[in-house]
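Asks: One structure, pasted below without further comment.
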Amino acid sequence: AQKVTQAQTEISVVEKEDVTLDCVYETRDTTYYLFWYKQPPSGELVFLIRRNSFDEQNEISGRYSWNFQKSTSSFNFTITASQVVDSAVYFCALSESNTGNQFYFGTGTSLTVIP
Amino acid sequence: KAGVTQTPRYLIKTRGQQVTLSCSPISGHRSVSWYQQTPGQGLQFLFEYFSETQRNKGNFPGRFSGRQFSNSRSEMNVSTLELGDSALYLCASSPQWRTGELFFGEGSRLTVL
């Protein structure tokens, strides 16, 4: 069963618009971790954030913010005032307490910011 | 601090051949994981090594194998290559072997003809 779903395959926004990337996960573990990664054209996955299942506090880092809601099994990512440099593929991922660093990745959302 | 280094970056092989990919983790990181990325299957976990021991393995055939050396560097090998093995192979290192952040290299892009 798919553990992480990113329903948005591609999103295009005009520069300075806000955009939210959706992520829905599935797990039976009570202890788990959620991540967001950015993959620019170079291929390297860049770590953005990690949240554990016991911390539902939303987080803001500059223009980035994350909304974690256990009630809906969602971990959404918002970019405020998007910039061309934000164009990339964004992946949401889940790891469970008993599987080490085995991450389950979503299929990714390709974001294009149009100048 | 140097990042995760993968070599070679690009390679072309033919069906039936074998290939070895190398990964040097971030200094001090003892966990190395490997992932395969394809357009059809996305990012899939291959295996994870910590302190030279395989800790976890994904759902891949036995043609895919790996190892880790005492300096934490890791290699993965794919034998009897098939067309479907064409992919970007990503290595990631982490300071811990459980639920740590993964720091990825730029990958080795393998094309099988």
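Residue numbers start at 1 in each chain; chains themselves are named A, B, ... in the order of the structure tokens; ligands are numbered from 1 in the order shown.
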Each residue of chain B lying at most 9 Å from chain A should get a row with its shortest atom-to-atom pair and the distance in Å to one decimal, counting only C-alpha atoms; could you produce that, ordered by chain and increasing number, as a tab-separated table?
Replies:
```
residue	atom	partner	partner_atom	distance
B:Ser31	CA	A:Asn101	CA	8.4
B:Val32	CA	A:Asn101	CA	8.8
B:Ser33	CA	A:Asn101	CA	7.2
B:Gln41	CA	A:Thr107	CA	8.1
B:Gly42	CA	A:Thr107	CA	5.7
B:Leu43	CA	A:Phe105	CA	6.1
B:Gln44	CA	A:Tyr104	CA	7.3
B:Phe45	CA	A:Gln102	CA	6.2
B:Leu46	CA	A:Gln102	CA	8.5
B:Phe47	CA	A:Gln102	CA	7.7
B:Glu48	CA	A:Asn101	CA	7.0
B:Arg55	CA	A:Gly100	CA	7.6
B:Asn56	CA	A:Thr99	CA	7.0
B:Lys57	CA	A:Gln102	CA	8.3
B:Gly58	CA	A:Gln102	CA	8.0
B:Leu88	CA	A:Gly43	CA	8.4
B:Leu90	CA	A:Glu44	CA	8.0
B:Ser94	CA	A:Asn101	CA	8.3
B:Gln96	CA	A:Asn101	CA	8.5
B:Trp97	CA	A:Gly100	CA	5.5
B:Arg98	CA	A:Gly100	CA	3.9
B:Thr99	CA	A:Asn101	CA	5.2
B:Gly100	CA	A:Asn101	CA	6.6
B:Glu101	CA	A:Arg50	CA	7.1
B:Leu102	CA	A:Phe47	CA	7.2
B:Phe103	CA	A:Phe47	CA	6.7
B:Phe104	CA	A:Leu45	CA	5.6
B:Gly105	CA	A:Glu44	CA	5.5
B:Glu106	CA	A:Glu44	CA	4.1
B:Gly107	CA	A:Gly43	CA	6.7
```
Asks: Kindly save the residues from that selection, with C-alpha atoms included, as a PDB file, in the first residue's frame.
Replies:
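Saved the output as result10.pdb:
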```pdb
ATOM      1  CA  SER B  31      24.882   5.248   7.836  1.00  0.00           C
ATOM      2  CA  VAL B  32      24.693   4.965   4.068  1.00  0.00           C
ATOM      3  CA  SER B  33      21.477   4.257   2.196  1.00  0.00           C
ATOM      4  CA  GLN B  41       8.491   3.784  -9.857  1.00  0.00           C
ATOM      5  CA  GLY B  42       9.775   6.979  -8.285  1.00  0.00           C
ATOM      6  CA  LEU B  43      12.203   6.786  -5.393  1.00  0.00           C
ATOM      7  CA  GLN B  44      12.612   3.312  -3.993  1.00  0.00           C
ATOM      8  CA  PHE B  45      14.763   2.153  -1.110  1.00  0.00           C
ATOM      9  CA  LEU B  46      17.451  -0.380  -1.953  1.00  0.00           C
ATOM     10  CA  PHE B  47      19.370  -0.962   1.278  1.00  0.00           C
ATOM     11  CA  GLU B  48      21.016   0.689   4.240  1.00  0.00           C
ATOM     12  CA  ARG B  55      20.588  -3.044   8.441  1.00  0.00           C
ATOM     13  CA  ASN B  56      17.667  -3.024   6.085  1.00  0.00           C
ATOM     14  CA  LYS B  57      16.885  -4.093   2.542  1.00  0.00           C
ATOM     15  CA  GLY B  58      14.199  -3.037   0.114  1.00  0.00           C
ATOM     16  CA  LEU B  88      19.319   7.465 -11.167  1.00  0.00           C
ATOM     17  CA  LEU B  90      21.098   8.016  -5.172  1.00  0.00           C
ATOM     18  CA  SER B  94      23.101  10.016   7.912  1.00  0.00           C
ATOM     19  CA  GLN B  96      22.515   7.788  12.759  1.00  0.00           C
ATOM     20  CA  TRP B  97      20.874   4.665  11.427  1.00  0.00           C
ATOM     21  CA  ARG B  98      17.374   5.251  12.683  1.00  0.00           C
ATOM     22  CA  THR B  99      15.119   7.954  11.362  1.00  0.00           C
ATOM     23  CA  GLY B 100      17.851  10.477  10.825  1.00  0.00           C
ATOM     24  CA  GLU B 101      17.853  13.125   8.166  1.00  0.00           C
ATOM     25  CA  LEU B 102      19.264  11.813   4.935  1.00  0.00           C
ATOM     26  CA  PHE B 103      21.809  13.870   3.029  1.00  0.00           C
ATOM     27  CA  PHE B 104      21.874  12.893  -0.607  1.00  0.00           C
ATOM     28  CA  GLY B 105      24.525  12.901  -3.274  1.00  0.00           C
ATOM     29  CA  GLU B 106      23.863  13.990  -6.839  1.00  0.00           C
ATOM     30  CA  GLY B 107      23.462  10.414  -7.969  1.00  0.00           C
TER      31      GLY B 107
END
```
Asks: Residues at most 9 Å from Gln17 (chain B), counting only C-alpha atoms, excluding those fewer than 6 positions away in the same chain, as number ranges by chain?
Replies: B: 78-82, 112
Asks: Hey, can you spit out that residue selection with all heavy atoms as a CSV table (one decimal), in the first residue's frame?
Replies:
```
chain,number,residue,atom,x,y,z
B,78,VAL,N,25.3,-4.0,-9.3
B,78,VAL,CA,24.2,-4.6,-10.0
B,78,VAL,C,24.7,-5.6,-11.0
B,78,VAL,O,25.5,-5.2,-11.9
B,78,VAL,CB,23.3,-3.6,-10.7
B,78,VAL,CG1,22.0,-4.3,-11.2
B,78,VAL,CG2,22.9,-2.4,-9.7
B,79,SER,N,24.4,-6.8,-10.9
B,79,SER,CA,24.9,-7.8,-11.8
B,79,SER,C,23.8,-8.1,-12.9
B,79,SER,O,22.6,-7.8,-12.7
B,79,SER,CB,25.3,-9.1,-11.1
B,79,SER,OG,24.1,-9.6,-10.5
B,80,THR,N,24.2,-8.7,-14.0
B,80,THR,CA,23.3,-9.1,-15.1
B,80,THR,C,22.3,-8.0,-15.4
B,80,THR,O,21.1,-8.2,-15.2
B,80,THR,CB,22.6,-10.4,-14.7
B,80,THR,OG1,23.5,-11.3,-14.1
B,80,THR,CG2,22.1,-11.1,-16.0
B,81,LEU,N,22.8,-6.9,-15.8
B,81,LEU,CA,22.0,-5.7,-16.0
B,81,LEU,C,20.8,-5.9,-17.0
B,81,LEU,O,21.0,-6.7,-18.0
B,81,LEU,CB,22.8,-4.5,-16.5
B,81,LEU,CG,23.7,-3.8,-15.5
B,81,LEU,CD1,24.7,-2.9,-16.1
B,81,LEU,CD2,22.8,-3.0,-14.5
B,82,GLU,N,19.7,-5.3,-16.6
B,82,GLU,CA,18.5,-5.4,-17.5
B,82,GLU,C,18.1,-4.0,-17.9
B,82,GLU,O,18.6,-3.0,-17.2
B,82,GLU,CB,17.3,-6.0,-16.7
B,82,GLU,CG,17.6,-7.4,-16.2
B,82,GLU,CD,16.5,-8.0,-15.4
B,82,GLU,OE1,15.5,-7.3,-15.2
B,82,GLU,OE2,16.6,-9.2,-15.0
B,112,VAL,N,21.2,1.5,-19.4
B,112,VAL,CA,21.4,0.2,-19.8
B,112,VAL,C,20.8,0.1,-21.3
B,112,VAL,O,19.7,0.3,-21.5
B,112,VAL,CB,20.8,-0.9,-18.9
B,112,VAL,CG1,21.1,-2.3,-19.4
B,112,VAL,CG2,21.3,-0.7,-17.5
```
Asks: Within chain B, find each residue whose DSSP state, derived from the backbone, is strand (DSSP E), and express the selection as a PyMOL selection string.
Replies: chain B and resi 5-7+10-13+19-24+31-38+42-50+53-57+64-68+74-78+87-94+103-104+108-112
Asks: Provide the CA of Thr72 (chain A) to CA of Lys3 (chain A) distance in Å, to one decimal place.
Replies: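 Between CA of Thr72 (chain A) and CA of Lys3 (chain A) the gap is 13.8 Å.
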Asks: Find the spatial neighbours of Thr5 (chain A), counting only C-alpha atoms, within a cut-off of 6 Å - ignore same-chain residues fewer than 2 positions away - and output them as a VMD selection string.
Replies: chain A and resid 7 23 to 24 106
Asks: What does the distance between CA of Ile114 (chain A) and CA of Lys16 (chain A) come to in Å, to one decimal place?
Replies: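 It comes out at 9.3 Å.
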Asks: I need the helix (DSSP H, G or I) residues of chain A per DSSP on the backbone, written as a ChimeraX atom specification.
Replies: /A:70-72,84-86
Asks: Let me see the file: selected residues, all heavy atoms, as a short mmCIF file (atom, residue, chain, number, x, y, z; two decimals), in the first residue's frame.
Replies:
```cif
data_model
loop_
_atom_site.label_atom_id
_atom_site.label_comp_id
_atom_site.auth_asym_id
_atom_site.auth_seq_id
_atom_site.Cartn_x
_atom_site.Cartn_y
_atom_site.Cartn_z
N LYS A 70 -2.20 15.45 12.30
CA LYS A 70 -2.34 14.01 12.47
C LYS A 70 -3.78 13.57 12.22
O LYS A 70 -4.02 12.46 11.74
CB LYS A 70 -1.92 13.60 13.88
CG LYS A 70 -0.42 13.66 14.09
CD LYS A 70 -0.03 13.31 15.50
CE LYS A 70 -0.14 11.83 15.77
NZ LYS A 70 0.45 11.48 17.08
N SER A 71 -4.74 14.41 12.51
CA SER A 71 -6.15 14.03 12.36
C SER A 71 -6.49 13.72 10.90
O SER A 71 -7.38 12.90 10.63
CB SER A 71 -7.05 15.15 12.87
OG SER A 71 -6.83 16.35 12.15
N THR A 72 -5.79 14.36 9.98
CA THR A 72 -6.05 14.12 8.56
C THR A 72 -4.86 13.44 7.89
O THR A 72 -4.84 13.29 6.67
CB THR A 72 -6.36 15.44 7.83
OG1 THR A 72 -5.27 16.36 8.05
CG2 THR A 72 -7.65 16.06 8.33
N VAL A 84 11.51 32.22 -8.70
CA VAL A 84 11.92 31.31 -9.78
C VAL A 84 12.83 30.21 -9.25
O VAL A 84 12.77 29.06 -9.68
CB VAL A 84 12.59 32.09 -10.92
CG1 VAL A 84 13.17 31.15 -11.96
CG2 VAL A 84 11.60 33.06 -11.56
N VAL A 85 13.66 30.54 -8.27
CA VAL A 85 14.59 29.55 -7.71
C VAL A 85 13.88 28.42 -6.96
O VAL A 85 14.49 27.41 -6.63
CB VAL A 85 15.62 30.20 -6.76
CG1 VAL A 85 16.54 31.10 -7.54
CG2 VAL A 85 14.93 30.93 -5.63
N ASP A 86 12.60 28.61 -6.69
CA ASP A 86 11.83 27.56 -6.03
C ASP A 86 11.41 26.46 -7.01
O ASP A 86 10.90 25.42 -6.60
CB ASP A 86 10.58 28.13 -5.37
CG ASP A 86 10.89 29.11 -4.25
OD1 ASP A 86 11.91 28.91 -3.56
OD2 ASP A 86 10.13 30.08 -4.07
#
```
